Structures are given as C-alpha cells and as structure tokens.
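Okay, model_15.txt now, which holds compact mmCIF, N, CA and C atoms:
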# COMPACT_ATOMS: atom_id res chain seq x y z
N MET A 79 73.13 82.95 67.58
CA MET A 79 73.67 81.94 68.48
C MET A 79 72.78 80.71 68.46
N GLY A 80 73.40 79.58 68.65
CA GLY A 80 72.65 78.34 68.65
C GLY A 80 71.85 78.16 69.92
N LYS A 81 70.95 77.20 69.88
CA LYS A 81 70.09 76.95 71.05
C LYS A 81 70.88 76.45 72.24
N ASP A 82 72.04 75.82 72.01
CA ASP A 82 72.79 75.25 73.13
C ASP A 82 73.74 76.27 73.78
N VAL A 83 73.78 77.48 73.25
CA VAL A 83 74.62 78.52 73.82
C VAL A 83 73.83 79.25 74.90
N GLN A 84 74.43 79.37 76.06
CA GLN A 84 73.73 80.03 77.16
C GLN A 84 74.54 81.26 77.58
N ASP A 85 73.90 82.39 77.59
CA ASP A 85 74.55 83.63 78.01
C ASP A 85 74.23 83.89 79.47
N PHE A 86 75.23 84.27 80.22
CA PHE A 86 74.99 84.65 81.61
C PHE A 86 76.08 85.60 82.08
N ILE A 87 75.76 86.35 83.07
CA ILE A 87 76.72 87.26 83.67
C ILE A 87 76.85 86.88 85.14
N GLU A 88 78.08 86.76 85.57
CA GLU A 88 78.33 86.44 86.97
C GLU A 88 79.30 87.48 87.51
N ARG A 89 78.92 88.12 88.57
CA ARG A 89 79.79 89.12 89.18
C ARG A 89 80.64 88.46 90.25
N LEU A 90 81.91 88.77 90.20
CA LEU A 90 82.84 88.27 91.20
C LEU A 90 83.47 89.44 91.93
N ARG A 91 83.68 89.26 93.20
CA ARG A 91 84.49 90.22 93.93
C ARG A 91 85.94 89.87 93.67
N ARG A 92 86.82 90.82 93.86
CA ARG A 92 88.24 90.55 93.64
C ARG A 92 88.71 89.38 94.49
N ARG A 93 88.23 89.33 95.72
CA ARG A 93 88.62 88.26 96.63
C ARG A 93 88.19 86.89 96.09
N ASP A 94 87.06 86.84 95.38
CA ASP A 94 86.60 85.58 94.81
C ASP A 94 87.41 85.18 93.59
N ALA A 95 87.86 86.17 92.83
CA ALA A 95 88.60 85.90 91.60
C ALA A 95 90.03 85.45 91.86
N VAL A 96 90.63 85.99 92.91
CA VAL A 96 92.01 85.66 93.25
C VAL A 96 92.03 85.21 94.70
N PRO A 97 92.22 83.93 94.95
CA PRO A 97 92.11 83.39 96.31
C PRO A 97 93.16 83.93 97.27
N ASP A 98 92.80 83.94 98.55
CA ASP A 98 93.69 84.44 99.60
C ASP A 98 94.98 83.64 99.71
N ASP A 99 94.95 82.35 99.40
CA ASP A 99 96.18 81.57 99.53
C ASP A 99 97.25 82.04 98.56
N GLU A 100 96.85 82.72 97.49
CA GLU A 100 97.81 83.26 96.52
C GLU A 100 98.12 84.73 96.77
N TRP A 101 97.10 85.52 97.11
CA TRP A 101 97.25 86.97 97.19
C TRP A 101 97.04 87.52 98.59
N GLY A 102 96.80 86.67 99.57
CA GLY A 102 96.57 87.12 100.94
C GLY A 102 97.68 88.01 101.49
N PRO A 103 98.96 87.61 101.34
CA PRO A 103 100.04 88.47 101.83
C PRO A 103 100.08 89.84 101.16
N VAL A 104 99.76 89.89 99.88
CA VAL A 104 99.73 91.17 99.16
C VAL A 104 98.63 92.05 99.73
N ARG A 105 97.47 91.47 99.96
CA ARG A 105 96.35 92.23 100.53
C ARG A 105 96.70 92.75 101.92
N THR A 106 97.41 91.97 102.69
CA THR A 106 97.81 92.39 104.04
C THR A 106 98.72 93.61 103.97
N VAL A 107 99.69 93.57 103.08
CA VAL A 107 100.60 94.71 102.92
C VAL A 107 99.84 95.94 102.42
N MET A 108 98.95 95.74 101.46
CA MET A 108 98.16 96.85 100.93
C MET A 108 97.30 97.48 102.03
N ARG A 109 96.69 96.65 102.84
CA ARG A 109 95.85 97.15 103.94
C ARG A 109 96.69 97.96 104.93
N THR A 110 97.89 97.47 105.25
CA THR A 110 98.78 98.18 106.17
C THR A 110 99.21 99.52 105.59
N LEU A 111 99.57 99.54 104.32
CA LEU A 111 99.95 100.79 103.67
C LEU A 111 98.79 101.78 103.64
N ALA A 112 97.58 101.28 103.43
CA ALA A 112 96.40 102.16 103.41
C ALA A 112 96.16 102.76 104.79
N GLU A 113 96.40 101.97 105.83
CA GLU A 113 96.24 102.51 107.19
C GLU A 113 97.26 103.61 107.47
N LEU A 114 98.46 103.46 106.94
CA LEU A 114 99.51 104.45 107.17
C LEU A 114 99.37 105.69 106.30
N HIS A 115 98.97 105.51 105.04
CA HIS A 115 99.01 106.59 104.07
C HIS A 115 97.64 106.99 103.52
N GLY A 116 96.61 106.25 103.85
CA GLY A 116 95.26 106.54 103.34
C GLY A 116 94.93 105.71 102.11
N ASP A 117 93.68 105.36 101.97
CA ASP A 117 93.23 104.52 100.85
C ASP A 117 93.56 105.11 99.49
N ASP A 118 93.43 106.42 99.35
CA ASP A 118 93.63 107.06 98.05
C ASP A 118 95.09 107.10 97.62
N ASP A 119 96.00 106.82 98.53
CA ASP A 119 97.43 106.91 98.21
C ASP A 119 98.10 105.55 98.04
N VAL A 120 97.32 104.50 97.93
CA VAL A 120 97.88 103.14 97.78
C VAL A 120 97.32 102.52 96.51
N ARG A 121 98.21 102.06 95.63
CA ARG A 121 97.80 101.41 94.39
C ARG A 121 98.63 100.16 94.16
N LEU A 122 98.04 99.20 93.49
CA LEU A 122 98.75 97.99 93.11
C LEU A 122 98.69 97.89 91.60
N VAL A 123 99.83 97.82 90.96
CA VAL A 123 99.90 97.66 89.51
C VAL A 123 100.57 96.32 89.24
N VAL A 124 99.91 95.49 88.46
CA VAL A 124 100.40 94.14 88.19
C VAL A 124 100.47 93.92 86.69
N ARG A 125 101.53 93.30 86.27
CA ARG A 125 101.67 92.94 84.86
C ARG A 125 101.90 91.44 84.78
N PHE A 126 101.09 90.77 83.98
CA PHE A 126 101.22 89.33 83.78
C PHE A 126 101.74 89.10 82.37
N ASP A 127 102.88 88.46 82.25
CA ASP A 127 103.44 88.12 80.95
C ASP A 127 103.18 86.66 80.64
N ASP A 128 103.07 86.39 79.37
CA ASP A 128 102.87 84.99 78.94
C ASP A 128 104.18 84.24 78.98
Could you take the file, read its structure, and then write that structure out as structure tokens?
Amino acid sequence: MGKDVQDFIERLRRRDAVPDDEWGPVRTVMRTLAELHGDDDVRLVVRFDD
C-alpha cells in the first residue's frame, strides 16, 4: 500500500449505521413484538435489491 493509504477500523452500532428517521418505526414494531413474544422469537430479514 502507498504512503497515502490509511487503514482504520471504526465500529458502528446498528442505530448509528441506519438513522432513526428511516428505521425508527421498524425498531418500534420490533421492540413491541419482542415484549410480546420474547427477544429470541423476533427476527428482521431485509433484502435490498439494486
């Protein structure tokens, strides 16, 4: 690698990667479902197409 290339690792929480203004309602529904059915019984599967 050249001298001008800088390697770094930055950890993001899911909330940081996808802002609440876009996914807030989804998180609210997921939280409600988890309260009703338990954390282990709630999953979100998302597919993004080009």
- [ ] Tell me, in Å to one decimal, how far CA of Trp101 in chain A is from CA of Val120 in chain A.
- [x]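 These atoms are spaced 16.2 Å apart.
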| field | Separation of atom C of Arg105 in chain A from atom N of Arg89 in chain A, in Å and rounded to one decimal | value |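 The value is 22.7 Å.
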Between CA of Met108 in chain A and CA of Leu122 in chain A lies a distance of 7.9 Å
Please, which residues of chain A, numbered as in this document, come out helix (DSSP H, G or I) from DSSP, as a ChimeraX atom specification? /A:92-95,98-115,117-119
